[in-house]
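So this block is coords.txt, compact mmCIF, N, CA and C atoms:
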# COMPACT_ATOMS: atom_id res chain seq x y z
N MET A 9 7.38 12.80 55.94
CA MET A 9 6.42 12.51 54.90
C MET A 9 6.26 13.70 53.96
N ILE A 10 6.16 14.91 54.49
CA ILE A 10 5.98 16.10 53.70
C ILE A 10 7.24 16.36 52.86
N LYS A 11 8.40 15.93 53.33
CA LYS A 11 9.63 16.10 52.58
C LYS A 11 9.60 15.31 51.27
N ASN A 12 8.86 14.22 51.24
CA ASN A 12 8.82 13.34 50.06
C ASN A 12 7.86 13.83 48.98
N ILE A 13 6.95 14.76 49.29
CA ILE A 13 5.96 15.24 48.31
C ILE A 13 6.64 15.92 47.12
N PRO A 14 7.60 16.83 47.32
CA PRO A 14 8.26 17.43 46.15
C PRO A 14 8.97 16.38 45.28
N LEU A 15 9.57 15.39 45.93
CA LEU A 15 10.24 14.33 45.19
C LEU A 15 9.23 13.52 44.39
N LEU A 16 8.06 13.25 44.95
CA LEU A 16 7.00 12.52 44.27
C LEU A 16 6.48 13.31 43.07
N ILE A 17 6.27 14.61 43.25
CA ILE A 17 5.80 15.47 42.16
C ILE A 17 6.85 15.52 41.05
N LEU A 18 8.10 15.68 41.41
CA LEU A 18 9.17 15.69 40.42
C LEU A 18 9.23 14.37 39.65
N SER A 19 9.06 13.26 40.34
CA SER A 19 9.08 11.94 39.70
C SER A 19 7.93 11.80 38.70
N VAL A 20 6.75 12.26 39.09
CA VAL A 20 5.58 12.18 38.20
C VAL A 20 5.79 13.06 36.97
N LEU A 21 6.33 14.27 37.16
CA LEU A 21 6.60 15.16 36.03
C LEU A 21 7.63 14.55 35.08
N LEU A 22 8.66 13.95 35.62
CA LEU A 22 9.67 13.30 34.78
C LEU A 22 9.07 12.12 34.02
N LEU A 23 8.20 11.37 34.67
CA LEU A 23 7.54 10.24 34.02
C LEU A 23 6.69 10.73 32.85
N PHE A 24 5.91 11.80 33.04
CA PHE A 24 5.10 12.37 31.96
C PHE A 24 5.99 12.88 30.83
N ASN A 25 7.12 13.48 31.18
CA ASN A 25 8.04 13.98 30.17
C ASN A 25 8.60 12.83 29.33
N ILE A 26 9.02 11.76 29.97
CA ILE A 26 9.55 10.61 29.25
C ILE A 26 8.46 9.97 28.40
N TYR A 27 7.26 9.83 28.95
CA TYR A 27 6.14 9.24 28.21
C TYR A 27 5.80 10.08 26.99
N GLY A 28 5.82 11.38 27.13
CA GLY A 28 5.54 12.28 26.01
C GLY A 28 6.56 12.12 24.90
N CYS A 29 7.83 11.96 25.24
CA CYS A 29 8.87 11.75 24.23
C CYS A 29 8.65 10.44 23.50
N ALA A 30 8.25 9.41 24.23
CA ALA A 30 8.00 8.11 23.59
C ALA A 30 6.86 8.23 22.59
N VAL A 31 5.83 8.98 22.91
CA VAL A 31 4.70 9.17 22.01
C VAL A 31 5.16 9.91 20.76
N VAL A 32 5.98 10.95 20.93
CA VAL A 32 6.47 11.71 19.78
C VAL A 32 7.33 10.82 18.88
N VAL A 33 8.21 10.02 19.48
CA VAL A 33 9.07 9.13 18.70
C VAL A 33 8.23 8.09 17.97
N ALA A 34 7.24 7.51 18.64
CA ALA A 34 6.37 6.52 18.00
C ALA A 34 5.57 7.16 16.87
N GLY A 35 5.10 8.36 17.07
CA GLY A 35 4.36 9.06 16.02
C GLY A 35 5.22 9.36 14.82
N ALA A 36 6.46 9.77 15.05
CA ALA A 36 7.38 10.05 13.95
C ALA A 36 7.70 8.77 13.17
N ALA A 37 7.90 7.68 13.89
CA ALA A 37 8.19 6.41 13.22
C ALA A 37 6.98 5.96 12.40
N GLY A 38 5.79 6.15 12.93
CA GLY A 38 4.57 5.79 12.19
C GLY A 38 4.42 6.63 10.95
N SER A 39 4.72 7.90 11.03
CA SER A 39 4.62 8.78 9.87
C SER A 39 5.62 8.39 8.80
N ALA A 40 6.82 8.05 9.21
CA ALA A 40 7.84 7.64 8.24
C ALA A 40 7.42 6.35 7.55
N GLY A 41 6.82 5.42 8.30
CA GLY A 41 6.34 4.17 7.72
C GLY A 41 5.24 4.43 6.71
N THR A 42 4.33 5.33 7.02
CA THR A 42 3.26 5.68 6.09
C THR A 42 3.83 6.31 4.83
N ALA A 43 4.80 7.19 4.98
CA ALA A 43 5.40 7.82 3.81
C ALA A 43 6.09 6.78 2.93
N ALA A 44 6.79 5.83 3.55
CA ALA A 44 7.45 4.78 2.78
C ALA A 44 6.41 3.91 2.08
N TRP A 45 5.32 3.61 2.75
CA TRP A 45 4.25 2.79 2.19
C TRP A 45 3.64 3.49 0.97
N LEU A 46 3.34 4.77 1.09
CA LEU A 46 2.71 5.51 0.01
C LEU A 46 3.66 5.75 -1.15
N SER A 47 4.93 5.95 -0.88
CA SER A 47 5.87 6.27 -1.95
C SER A 47 6.30 5.05 -2.74
N GLY A 48 6.02 3.87 -2.27
CA GLY A 48 6.51 2.67 -2.92
C GLY A 48 5.61 2.06 -3.96
N LYS A 49 4.49 2.67 -4.26
CA LYS A 49 3.60 2.04 -5.23
C LYS A 49 3.73 2.68 -6.60
N MET A 50 3.45 1.89 -7.62
CA MET A 50 3.44 2.37 -8.99
C MET A 50 1.98 2.60 -9.37
N THR A 51 1.70 3.74 -9.99
CA THR A 51 0.33 4.12 -10.30
C THR A 51 0.21 4.50 -11.77
N GLN A 52 -0.91 4.10 -12.38
CA GLN A 52 -1.18 4.44 -13.78
C GLN A 52 -2.67 4.69 -13.96
N GLN A 53 -3.00 5.80 -14.59
CA GLN A 53 -4.39 6.12 -14.95
C GLN A 53 -4.65 5.55 -16.34
N ILE A 54 -5.76 4.83 -16.51
CA ILE A 54 -6.06 4.14 -17.76
C ILE A 54 -7.45 4.56 -18.26
N ASN A 55 -7.59 4.71 -19.57
CA ASN A 55 -8.90 4.96 -20.17
C ASN A 55 -9.57 3.62 -20.45
N ALA A 56 -10.00 2.97 -19.38
CA ALA A 56 -10.64 1.66 -19.48
C ALA A 56 -11.53 1.47 -18.26
N SER A 57 -12.43 0.53 -18.35
CA SER A 57 -13.31 0.25 -17.21
C SER A 57 -12.54 -0.56 -16.18
N SER A 58 -13.06 -0.59 -14.97
CA SER A 58 -12.41 -1.37 -13.92
C SER A 58 -12.45 -2.86 -14.25
N GLU A 59 -13.51 -3.31 -14.93
CA GLU A 59 -13.61 -4.72 -15.30
C GLU A 59 -12.53 -5.10 -16.33
N GLU A 60 -12.26 -4.21 -17.28
CA GLU A 60 -11.19 -4.47 -18.26
C GLU A 60 -9.83 -4.52 -17.57
N CYS A 61 -9.63 -3.63 -16.61
CA CYS A 61 -8.36 -3.61 -15.86
C CYS A 61 -8.24 -4.85 -14.98
N LEU A 62 -9.35 -5.28 -14.41
CA LEU A 62 -9.36 -6.49 -13.58
C LEU A 62 -8.95 -7.70 -14.42
N GLU A 63 -9.54 -7.83 -15.58
CA GLU A 63 -9.20 -8.96 -16.46
C GLU A 63 -7.73 -8.90 -16.87
N ALA A 64 -7.24 -7.70 -17.15
CA ALA A 64 -5.82 -7.54 -17.51
C ALA A 64 -4.92 -7.91 -16.34
N ALA A 65 -5.30 -7.53 -15.12
CA ALA A 65 -4.50 -7.86 -13.94
C ALA A 65 -4.47 -9.37 -13.71
N ARG A 66 -5.63 -10.01 -13.84
CA ARG A 66 -5.67 -11.47 -13.68
C ARG A 66 -4.77 -12.15 -14.71
N ALA A 67 -4.87 -11.71 -15.97
CA ALA A 67 -4.07 -12.31 -17.04
C ALA A 67 -2.57 -12.05 -16.81
N ALA A 68 -2.23 -10.84 -16.35
CA ALA A 68 -0.83 -10.50 -16.10
C ALA A 68 -0.24 -11.40 -15.01
N LEU A 69 -0.98 -11.60 -13.94
CA LEU A 69 -0.48 -12.47 -12.87
C LEU A 69 -0.31 -13.90 -13.37
N LYS A 70 -1.25 -14.34 -14.19
CA LYS A 70 -1.13 -15.68 -14.77
C LYS A 70 0.12 -15.76 -15.66
N ASP A 71 0.36 -14.73 -16.49
CA ASP A 71 1.55 -14.70 -17.33
C ASP A 71 2.83 -14.78 -16.50
N LEU A 72 2.81 -14.12 -15.33
CA LEU A 72 3.98 -14.11 -14.45
C LEU A 72 4.06 -15.36 -13.56
N LYS A 73 3.09 -16.26 -13.74
CA LYS A 73 3.00 -17.50 -12.96
C LYS A 73 2.82 -17.22 -11.46
N LEU A 74 2.02 -16.19 -11.18
CA LEU A 74 1.70 -15.81 -9.81
C LEU A 74 0.22 -16.08 -9.57
N HIS A 75 -0.11 -16.58 -8.40
CA HIS A 75 -1.48 -16.96 -8.10
C HIS A 75 -2.16 -15.89 -7.25
N ILE A 76 -3.42 -15.64 -7.53
CA ILE A 76 -4.21 -14.70 -6.73
C ILE A 76 -4.56 -15.38 -5.41
N THR A 77 -4.22 -14.72 -4.30
CA THR A 77 -4.55 -15.27 -2.98
C THR A 77 -5.84 -14.69 -2.42
N LYS A 78 -6.19 -13.47 -2.90
CA LYS A 78 -7.42 -12.84 -2.42
C LYS A 78 -7.85 -11.79 -3.43
N GLU A 79 -9.16 -11.72 -3.65
CA GLU A 79 -9.71 -10.69 -4.53
C GLU A 79 -10.92 -10.11 -3.83
N THR A 80 -10.90 -8.80 -3.62
CA THR A 80 -11.97 -8.11 -2.90
C THR A 80 -12.55 -7.02 -3.79
N LYS A 81 -13.87 -6.98 -3.88
CA LYS A 81 -14.54 -5.95 -4.67
C LYS A 81 -15.40 -5.11 -3.74
N ALA A 82 -15.27 -3.80 -3.88
CA ALA A 82 -16.14 -2.85 -3.19
C ALA A 82 -16.79 -1.99 -4.27
N GLU A 83 -17.48 -0.95 -3.86
CA GLU A 83 -18.22 -0.13 -4.82
C GLU A 83 -17.33 0.45 -5.91
N ASP A 84 -16.22 1.08 -5.55
CA ASP A 84 -15.38 1.74 -6.55
C ASP A 84 -13.92 1.30 -6.52
N ILE A 85 -13.65 0.16 -5.87
CA ILE A 85 -12.28 -0.35 -5.83
C ILE A 85 -12.28 -1.87 -5.81
N ILE A 86 -11.32 -2.42 -6.51
CA ILE A 86 -11.09 -3.87 -6.51
C ILE A 86 -9.65 -4.05 -6.05
N GLN A 87 -9.44 -4.95 -5.09
CA GLN A 87 -8.08 -5.21 -4.64
C GLN A 87 -7.75 -6.68 -4.88
N ILE A 88 -6.62 -6.89 -5.49
CA ILE A 88 -6.11 -8.24 -5.72
C ILE A 88 -4.84 -8.39 -4.89
N LYS A 89 -4.73 -9.52 -4.20
CA LYS A 89 -3.49 -9.83 -3.47
C LYS A 89 -2.90 -11.10 -4.06
N SER A 90 -1.60 -11.10 -4.15
CA SER A 90 -0.87 -12.24 -4.67
C SER A 90 0.47 -12.29 -3.94
N ASN A 91 1.28 -13.24 -4.28
CA ASN A 91 2.64 -13.32 -3.72
C ASN A 91 3.63 -13.31 -4.86
N TYR A 92 4.67 -12.49 -4.71
CA TYR A 92 5.73 -12.41 -5.71
C TYR A 92 6.57 -13.68 -5.64
N THR A 93 7.48 -13.86 -6.55
CA THR A 93 8.28 -15.08 -6.61
C THR A 93 9.07 -15.34 -5.33
N ASP A 94 9.42 -14.29 -4.60
CA ASP A 94 10.16 -14.45 -3.35
C ASP A 94 9.25 -14.36 -2.13
N ASP A 95 7.95 -14.52 -2.33
CA ASP A 95 6.92 -14.57 -1.29
C ASP A 95 6.51 -13.21 -0.72
N ARG A 96 7.02 -12.11 -1.26
CA ARG A 96 6.52 -10.81 -0.83
C ARG A 96 5.11 -10.63 -1.35
N THR A 97 4.29 -9.92 -0.59
CA THR A 97 2.90 -9.70 -0.98
C THR A 97 2.82 -8.65 -2.08
N ILE A 98 1.95 -8.92 -3.05
CA ILE A 98 1.64 -7.96 -4.12
C ILE A 98 0.22 -7.47 -3.86
N TRP A 99 0.05 -6.15 -3.87
CA TRP A 99 -1.27 -5.54 -3.79
C TRP A 99 -1.52 -4.82 -5.11
N ILE A 100 -2.63 -5.13 -5.73
CA ILE A 100 -3.05 -4.42 -6.94
C ILE A 100 -4.40 -3.79 -6.63
N ASP A 101 -4.46 -2.47 -6.65
CA ASP A 101 -5.71 -1.75 -6.42
C ASP A 101 -6.19 -1.19 -7.74
N ILE A 102 -7.43 -1.48 -8.07
CA ILE A 102 -8.05 -0.99 -9.30
C ILE A 102 -9.18 -0.09 -8.87
N LYS A 103 -9.00 1.23 -9.05
CA LYS A 103 -9.95 2.22 -8.56
C LYS A 103 -10.66 2.91 -9.71
N THR A 104 -11.98 2.92 -9.67
CA THR A 104 -12.76 3.64 -10.66
C THR A 104 -12.67 5.12 -10.34
N THR A 105 -12.17 5.92 -11.28
CA THR A 105 -12.04 7.36 -11.05
C THR A 105 -13.12 8.15 -11.78
N SER A 106 -13.66 7.60 -12.85
CA SER A 106 -14.82 8.18 -13.54
C SER A 106 -15.47 7.05 -14.33
N HIS A 107 -16.51 7.35 -15.09
CA HIS A 107 -17.18 6.28 -15.83
C HIS A 107 -16.29 5.70 -16.94
N SER A 108 -15.23 6.42 -17.33
CA SER A 108 -14.39 5.93 -18.42
C SER A 108 -12.91 5.78 -18.04
N THR A 109 -12.54 6.11 -16.81
CA THR A 109 -11.13 5.97 -16.41
C THR A 109 -10.99 5.18 -15.12
N THR A 110 -9.87 4.51 -15.03
CA THR A 110 -9.55 3.68 -13.88
C THR A 110 -8.10 3.91 -13.50
N GLN A 111 -7.82 3.87 -12.22
CA GLN A 111 -6.44 4.00 -11.73
C GLN A 111 -5.99 2.65 -11.22
N ILE A 112 -4.82 2.21 -11.67
CA ILE A 112 -4.23 0.96 -11.21
C ILE A 112 -3.03 1.30 -10.34
N GLU A 113 -2.99 0.74 -9.13
CA GLU A 113 -1.86 0.93 -8.22
C GLU A 113 -1.28 -0.44 -7.89
N VAL A 114 0.02 -0.57 -8.00
CA VAL A 114 0.69 -1.84 -7.72
C VAL A 114 1.79 -1.60 -6.69
N ARG A 115 1.84 -2.47 -5.71
CA ARG A 115 2.87 -2.40 -4.67
C ARG A 115 3.34 -3.82 -4.40
N VAL A 116 4.64 -3.99 -4.23
CA VAL A 116 5.23 -5.30 -3.95
C VAL A 116 6.04 -5.19 -2.66
N GLY A 117 5.62 -5.91 -1.65
CA GLY A 117 6.32 -5.94 -0.37
C GLY A 117 5.94 -4.81 0.55
N ALA A 118 6.18 -5.01 1.84
CA ALA A 118 5.84 -4.00 2.85
C ALA A 118 6.65 -2.72 2.64
N ILE A 119 7.92 -2.88 2.32
CA ILE A 119 8.74 -1.74 1.92
C ILE A 119 8.93 -1.96 0.43
N SER A 120 8.11 -1.29 -0.33
CA SER A 120 7.90 -1.65 -1.72
C SER A 120 9.15 -1.66 -2.58
N ASP A 121 9.17 -2.65 -3.44
CA ASP A 121 10.20 -2.79 -4.46
C ASP A 121 9.61 -2.20 -5.74
N LYS A 122 10.04 -0.98 -6.08
CA LYS A 122 9.46 -0.30 -7.23
C LYS A 122 9.73 -1.04 -8.54
N GLU A 123 10.87 -1.68 -8.67
CA GLU A 123 11.18 -2.42 -9.89
C GLU A 123 10.22 -3.59 -10.06
N ALA A 124 9.98 -4.33 -8.99
CA ALA A 124 9.04 -5.46 -9.06
C ALA A 124 7.62 -4.94 -9.33
N ALA A 125 7.24 -3.83 -8.69
CA ALA A 125 5.92 -3.24 -8.91
C ALA A 125 5.78 -2.78 -10.36
N LYS A 126 6.85 -2.20 -10.92
CA LYS A 126 6.83 -1.76 -12.32
C LYS A 126 6.69 -2.95 -13.25
N THR A 127 7.35 -4.06 -12.94
CA THR A 127 7.24 -5.27 -13.75
C THR A 127 5.79 -5.74 -13.80
N VAL A 128 5.14 -5.78 -12.64
CA VAL A 128 3.75 -6.22 -12.58
C VAL A 128 2.85 -5.24 -13.33
N LEU A 129 3.03 -3.94 -13.08
CA LEU A 129 2.20 -2.93 -13.74
C LEU A 129 2.39 -2.98 -15.26
N ASP A 130 3.63 -3.09 -15.72
CA ASP A 130 3.88 -3.17 -17.17
C ASP A 130 3.20 -4.39 -17.78
N LYS A 131 3.20 -5.49 -17.04
CA LYS A 131 2.55 -6.71 -17.55
C LYS A 131 1.04 -6.50 -17.62
N ILE A 132 0.47 -5.81 -16.64
CA ILE A 132 -0.97 -5.51 -16.68
C ILE A 132 -1.28 -4.64 -17.90
N LEU A 133 -0.48 -3.59 -18.10
CA LEU A 133 -0.71 -2.68 -19.22
C LEU A 133 -0.58 -3.42 -20.55
N SER A 134 0.33 -4.38 -20.63
CA SER A 134 0.51 -5.12 -21.87
C SER A 134 -0.69 -6.01 -22.19
N ARG A 135 -1.47 -6.34 -21.17
CA ARG A 135 -2.64 -7.20 -21.37
C ARG A 135 -3.90 -6.41 -21.72
N LEU A 136 -3.82 -5.09 -21.70
CA LEU A 136 -4.95 -4.26 -22.11
C LEU A 136 -4.91 -4.08 -23.62
N PRO A 137 -6.07 -3.97 -24.26
CA PRO A 137 -6.08 -3.69 -25.71
C PRO A 137 -5.35 -2.39 -25.99
N LYS A 138 -4.63 -2.34 -27.09
CA LYS A 138 -3.84 -1.15 -27.46
C LYS A 138 -4.68 0.12 -27.51
N SER A 139 -5.94 0.00 -27.89
CA SER A 139 -6.80 1.18 -28.01
C SER A 139 -7.12 1.81 -26.66
N LEU A 140 -6.87 1.11 -25.53
CA LEU A 140 -7.21 1.63 -24.20
C LEU A 140 -6.05 2.31 -23.51
N LYS A 141 -4.84 2.14 -23.99
CA LYS A 141 -3.67 2.66 -23.28
C LYS A 141 -3.44 4.12 -23.56
Please rewrite the model in this file as C-alpha cells.
Amino acid sequence: MIKNIPLLILSVLLLFNIYGCAVVVAGAAGSAGTAAWLSGKMTQQINASSEECLEAARAALKDLKLHITKETKAEDIIQIKSNYTDDRTIWIDIKTTSHSTTQIEVRVGAISDKEAAKTVLDKILSRLPKSLK
C-alpha cells in the first residue's frame, strides 16, 4: 500500500499539470476570439445626436432592405440588431460620447466581414444630413 503513494502523488501532479495546460490553451483561444471580435467592427465618430444617428441607421437598414430584429436603448448606448442578406447578424451600436458627438460601430457576423460592415456604415452616413458629417 505504501508503495502506491508515490505513484498516486505523481498521478495527481500530472493531472494538475495537464489541467493547467488546458486552462492556458482555453484562455489563449478566448483572447484570440475577443481580439477578432474587437478588430472586426467599423467605427465612426459623428457630430450628431444619438437620436439623429438612430434615425439614420433605421433608414439605412430600410434602404438595404434589412429588417430590425431587436432595438435596445440604455442610458448612453443604443443597439440595433438585424440580419444581413446571408443571415449573418448585424450589430449597430450608437454610443453617446458627448452632448454633441456620437460614435457608431457596425459589425457583421461573428467573425466580422469588414466590407459588409463598411457597406452598412456608409449607408448610415449617407442618411445623415450633410451638415453633420
Notebook entry, point to check: For Gln87 in chain A, which of A:Glu60, A:Asp71, A:Glu113, A:Asp101 is the closest residue, counting all atoms listed in the file?
Noted result: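 Checking each candidate against Gln87 in chain A, we get A:Asp101 as the closest.
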Check: For His75 in chain A, which residue among A:Ile98, A:Ala56, A:Glu63, A:Asn91 is the nearest when counting all atoms listed in the file?
Finding: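 For His75 in chain A, the nearest of the given residues is A:Asn91.
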Item checked: d(CA of Thr97 in chain A, CA of Ile85 in chain A) in Å ->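 CA of Thr97 in chain A sits 18.5 Å away from CA of Ile85 in chain A.
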Notebook entry, point to check: Distance CA of Glu123 in chain A-CA of Glu59 in chain A, one decimal place?
Noted result: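 About the pair CA of Glu123 in chain A and CA of Glu59 in chain A: they are 25.5 Å apart.
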Next item on the list: Just list the residues in range 57-113 of chain A DSSP gives strand (DSSP E) on the backbone, as a VMD selection string.
Entry: chain A and resid 76 to 81 85 to 91 97 to 104 110 to 113
